[in-house]
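Below is one structure, written out as structure tokens; the observations come after it.
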Amino acid sequence: MFKMIWTTSALFPMLCFLVQSVPIPNNLLVTVPNGAIQGATYSTGNNISYFGFRGIPFATPPIDDLRFEPPQPAQPWTGILDATQDASGCISIFHGDSTVVESEDCLYLNVYVPNVQLAEDFPVMFFIFGGGFREGNSSKLFYGPDFLMERGNVILVTFNYRLGAFGFISTEDEVLPGNAGLKDQNLALQWTYENIIYFGGDPNKITIFGESAGGASTGLHLVSKKSAGLFRAAIVQSGSAVNSWSILRDSKTLTYKLVNGIPGGNIVNTSQELKTFLKSRNVTEIMASENANEILFGPVLEPPNENSFLSEYPYQLLDTGDFNQVPIIIGICAEESLLFLKDLQTTALAAKNADLYPALLIPSDLLPNSTDEDIVAEEIKNIYLTDNQTFSSNLTAYAEYLSDAGFAVGILKHAQLTSNYMPVHLYRFAYYGRPVAIPFLEGAEKATHSAEMPFLFNISTYSNTSDSQDLLIQKQITTLWANFAVYLNPTPDESNLLTNLIWPALDDEQSFLNINNTLEVGTHLKEEIYSKWSSIYETYGRKPFITF
């Protein structure tokens, strides 16, 4: 793609012509339709330089009357925007305790560009951070681009989106339909599609990817009509649009619970009164609600209208092929649950509760008839325990149950449904290094939820990069991900770095890539466990399925 930029006024309108492609200038001044942007040069630990443009507004600040509303495009600015520092993060559940400054004025993105010249424009990787839809941010401190920049063949975009009540509060009607945070993501994606050309990127080669809640978000973009045509591939990490936690079913109840915990909120009766009340309170008052810390807001189904991000359940859309059909990579970490269990004492207590109250084992989306609950709980136990065993006596089995019920089963179902229409590359990340959580269960897998993240991003808390095996995994996974963004194939040809391996798409053998000390192609990931879970859903689950 070729382009020339012509600035004519304080609002910097653009015209694009077919002329020689313009590289990032030496002064790192890039002009987009909204104005001029000053970037900076950075270096990786291997002294490879790249360009960064941080804190670019993609939306009008969602403050005052725009609180809870769908995001509005950013307004043009005059002068030169200083894009050399991170912007504030969005309000999170840990507001006031975060190492990153937080504000409602938080809808900004970052663009990182390799310092190399290519014959054609760069493919783009658009990253959505995780954090349970209630925490996280795109700070360079947490999502440093260094490892992907060392690949030298992709642009990386990271960004903030509204979290918790500010991003996902809903009264399940037109007054507060919900999903403001997902609409933030969509607007950031639109901004990238429309503006990345000015940074040397190709808008027709955007790959969206995310982990945990970011993985679920990526899955939701796959089924949202609002995101159609804005990306050509997706990488879904440890989260899916069909995981049981990805869609809330009682958001109105949670919303009123939050308001009732704020002084004066108990007299609110209607959706409009609730919205007016919350807009009149400051951030501190809302976050000080006595119920704030226990409420987990998240994506919801909205009343259908032209502004809805999601108004149909993802499972049915994936099952019928009514989704944005692009190639995907999707996968799990070997023992997702260890990050949440934290230690032996916590695990033992949770396992004891499961033994005492077996109905707790039934996922919230399964919804069996009340007369079948005891049968369903027993069948779930039988997947993991032998005769007369309890979870208290087999904590490793309990951790595996949580990993499967919370993540693996839904992710495998997502892979299966999607593979009926498009190429799907399935993986399992099992490597233990740069530990996200310290293993504490003998016999359990060690790679917990988000274990792959310190190998994709330069995270400030993982400064030790000298281990040769860690460095190899870092190079391998960033190469696989970047290859997919460039070629729509993680292993387009044989490579010594990737041990001359070819990673096949899902096929009759249900092939997957096991990422550990070595890279190996396996077949039928968790086949026996997955088939038993599928049988339980088919036999006892309420149809049509909402999630899985």
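Every chain in the structure tokens takes a letter, A first, then B, and so on in the order presented; its residues are numbered from 1, and the ligands are numbered from 1 following the presented order.
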**Q.** Long-range neighbours of segment 335-337 of chain A as a list of chain:residue names, 8 Å cut-off, only C-alpha atoms, 4 positions minimum in chain
**A.**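 The residues satisfying every condition are A:Ser238, A:Leu341, A:Ala399, A:Glu400, A:Leu402, A:Ser403, A:Gly406, A:Phe407, A:Ala444, A:Glu445, A:Lys446, A:Ala447, A:Thr448, A:His449, A:Ser450.
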Q: Please return as a list in words: the residues of segment 234-371 of chain A that backbone DSSP assigns to strand (DSSP E).
A: Ala234, Ile235, Val236, Gln237, Ile328, Ile329, Ile330, Gly331, Ile332 and Cys333 of chain A
For the selection you just gave me, I'd like the residues written to a file as an mmCIF file, in the first residue's frame, keeping all heavy atoms.
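And here is the file that came out, selection-v2.cif:
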data_model
loop_
_atom_site.group_PDB
_atom_site.id
_atom_site.type_symbol
_atom_site.label_atom_id
_atom_site.label_comp_id
_atom_site.auth_asym_id
_atom_site.auth_seq_id
_atom_site.Cartn_x
_atom_site.Cartn_y
_atom_site.Cartn_z
ATOM 1 N N ALA A 234 -7.917 -14.072 14.554
ATOM 2 C CA ALA A 234 -8.079 -13.900 16.002
ATOM 3 C C ALA A 234 -7.298 -14.967 16.747
ATOM 4 O O ALA A 234 -7.180 -16.102 16.289
ATOM 5 C CB ALA A 234 -9.555 -13.964 16.386
ATOM 6 N N ILE A 235 -6.765 -14.580 17.921
ATOM 7 C CA ILE A 235 -6.076 -15.511 18.825
ATOM 8 C C ILE A 235 -6.781 -15.421 20.168
ATOM 9 O O ILE A 235 -6.831 -14.359 20.782
ATOM 10 C CB ILE A 235 -4.583 -15.173 18.967
ATOM 11 C CG1 ILE A 235 -3.891 -15.159 17.594
ATOM 12 C CG2 ILE A 235 -3.895 -16.183 19.900
ATOM 13 C CD1 ILE A 235 -2.439 -14.720 17.634
ATOM 14 N N VAL A 236 -7.327 -16.546 20.617
ATOM 15 C CA VAL A 236 -8.185 -16.610 21.808
ATOM 16 C C VAL A 236 -7.446 -17.402 22.886
ATOM 17 O O VAL A 236 -7.300 -18.619 22.771
ATOM 18 C CB VAL A 236 -9.538 -17.265 21.468
ATOM 19 C CG1 VAL A 236 -10.459 -17.261 22.680
ATOM 20 C CG2 VAL A 236 -10.199 -16.561 20.286
ATOM 21 N N GLN A 237 -6.981 -16.727 23.932
ATOM 22 C CA GLN A 237 -6.128 -17.343 24.947
ATOM 23 C C GLN A 237 -6.866 -17.474 26.281
ATOM 24 O O GLN A 237 -7.252 -16.473 26.890
ATOM 25 C CB GLN A 237 -4.861 -16.509 25.151
ATOM 26 C CG GLN A 237 -4.011 -16.332 23.895
ATOM 27 C CD GLN A 237 -2.884 -15.339 24.091
ATOM 28 O OE1 GLN A 237 -2.558 -14.565 23.182
ATOM 29 N NE2 GLN A 237 -2.257 -15.334 25.258
ATOM 30 N N ILE A 328 -8.556 -18.817 13.383
ATOM 31 C CA ILE A 328 -8.229 -18.513 14.781
ATOM 32 C C ILE A 328 -7.184 -19.480 15.327
ATOM 33 O O ILE A 328 -7.051 -20.610 14.860
ATOM 34 C CB ILE A 328 -9.467 -18.524 15.703
ATOM 35 C CG1 ILE A 328 -9.991 -19.951 15.927
ATOM 36 C CG2 ILE A 328 -10.567 -17.635 15.174
ATOM 37 C CD1 ILE A 328 -11.031 -20.026 17.040
ATOM 38 N N ILE A 329 -6.460 -18.988 16.316
ATOM 39 C CA ILE A 329 -5.697 -19.816 17.255
ATOM 40 C C ILE A 329 -6.466 -19.762 18.566
ATOM 41 O O ILE A 329 -6.927 -18.693 18.974
ATOM 42 C CB ILE A 329 -4.268 -19.287 17.456
ATOM 43 C CG1 ILE A 329 -3.400 -19.536 16.216
ATOM 44 C CG2 ILE A 329 -3.605 -19.924 18.678
ATOM 45 C CD1 ILE A 329 -1.990 -18.950 16.324
ATOM 46 N N ILE A 330 -6.623 -20.875 19.237
ATOM 47 C CA ILE A 330 -7.335 -20.891 20.511
ATOM 48 C C ILE A 330 -6.705 -21.952 21.404
ATOM 49 O O ILE A 330 -6.237 -22.983 20.910
ATOM 50 C CB ILE A 330 -8.839 -21.177 20.301
ATOM 51 C CG1 ILE A 330 -9.622 -21.009 21.608
ATOM 52 C CG2 ILE A 330 -9.080 -22.544 19.671
ATOM 53 C CD1 ILE A 330 -11.137 -21.002 21.417
ATOM 54 N N GLY A 331 -6.657 -21.689 22.711
ATOM 55 C CA GLY A 331 -6.038 -22.689 23.565
ATOM 56 C C GLY A 331 -6.136 -22.395 25.038
ATOM 57 O O GLY A 331 -6.746 -21.412 25.475
ATOM 58 N N ILE A 332 -5.503 -23.280 25.803
ATOM 59 C CA ILE A 332 -5.574 -23.254 27.263
ATOM 60 C C ILE A 332 -4.180 -23.368 27.851
ATOM 61 O O ILE A 332 -3.232 -23.762 27.172
ATOM 62 C CB ILE A 332 -6.434 -24.425 27.799
ATOM 63 C CG1 ILE A 332 -5.828 -25.779 27.360
ATOM 64 C CG2 ILE A 332 -7.879 -24.302 27.339
ATOM 65 C CD1 ILE A 332 -6.500 -26.997 27.967
ATOM 66 N N CYS A 333 -4.078 -23.021 29.124
ATOM 67 C CA CYS A 333 -2.904 -23.387 29.910
ATOM 68 C C CYS A 333 -3.195 -24.708 30.618
ATOM 69 O O CYS A 333 -4.355 -25.064 30.854
ATOM 70 C CB CYS A 333 -2.561 -22.293 30.913
ATOM 71 S SG CYS A 333 -1.933 -20.794 30.128
#
**Q.** Among listed residues A:Leu187, A:Ile56, A:Ala83, A:Val376, nearest Asn34 of chain A (using only C-alpha atoms)
**A.**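 Of all the options, A:Ile56 lies closest to Asn34 of chain A.
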Q. At what distance in Å, to one decimal, does atom CA of Ile502 of chain A lie from atom CA of Thr518 of chain A?
A.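 Atom-to-atom, atom CA of Thr518 of chain A and atom CA of Ile502 of chain A are spaced 13.4 Å apart.
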Q. Which residues in segment 351-415 of chain A does DSSP call alpha helix (DSSP H)? List them as a PyMOL selection string.
A. chain A and resi 351-356+373-384+395-403+409-415
Q) Which is closer to Asn110 of chain A than all the others in A:Phe127, A:Trp481, A:Phe277, A:Phe147, using only C-alpha atoms? A)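 Between A:Phe127, A:Trp481, A:Phe277, A:Phe147, the residue approaching Asn110 of chain A most closely is A:Phe127.
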Q) Which is closer to Ser138 of chain A than all the others in A:Ile459, A:Val30, A:Leu395, A:Leu480, using only C-alpha atoms? A) A:Ile459
Q | Atom pair atom CA of Phe209 of chain A / atom CA of Asp146 of chain A: separation (Å) | A |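 Interatomic distance here is 16.8 Å.
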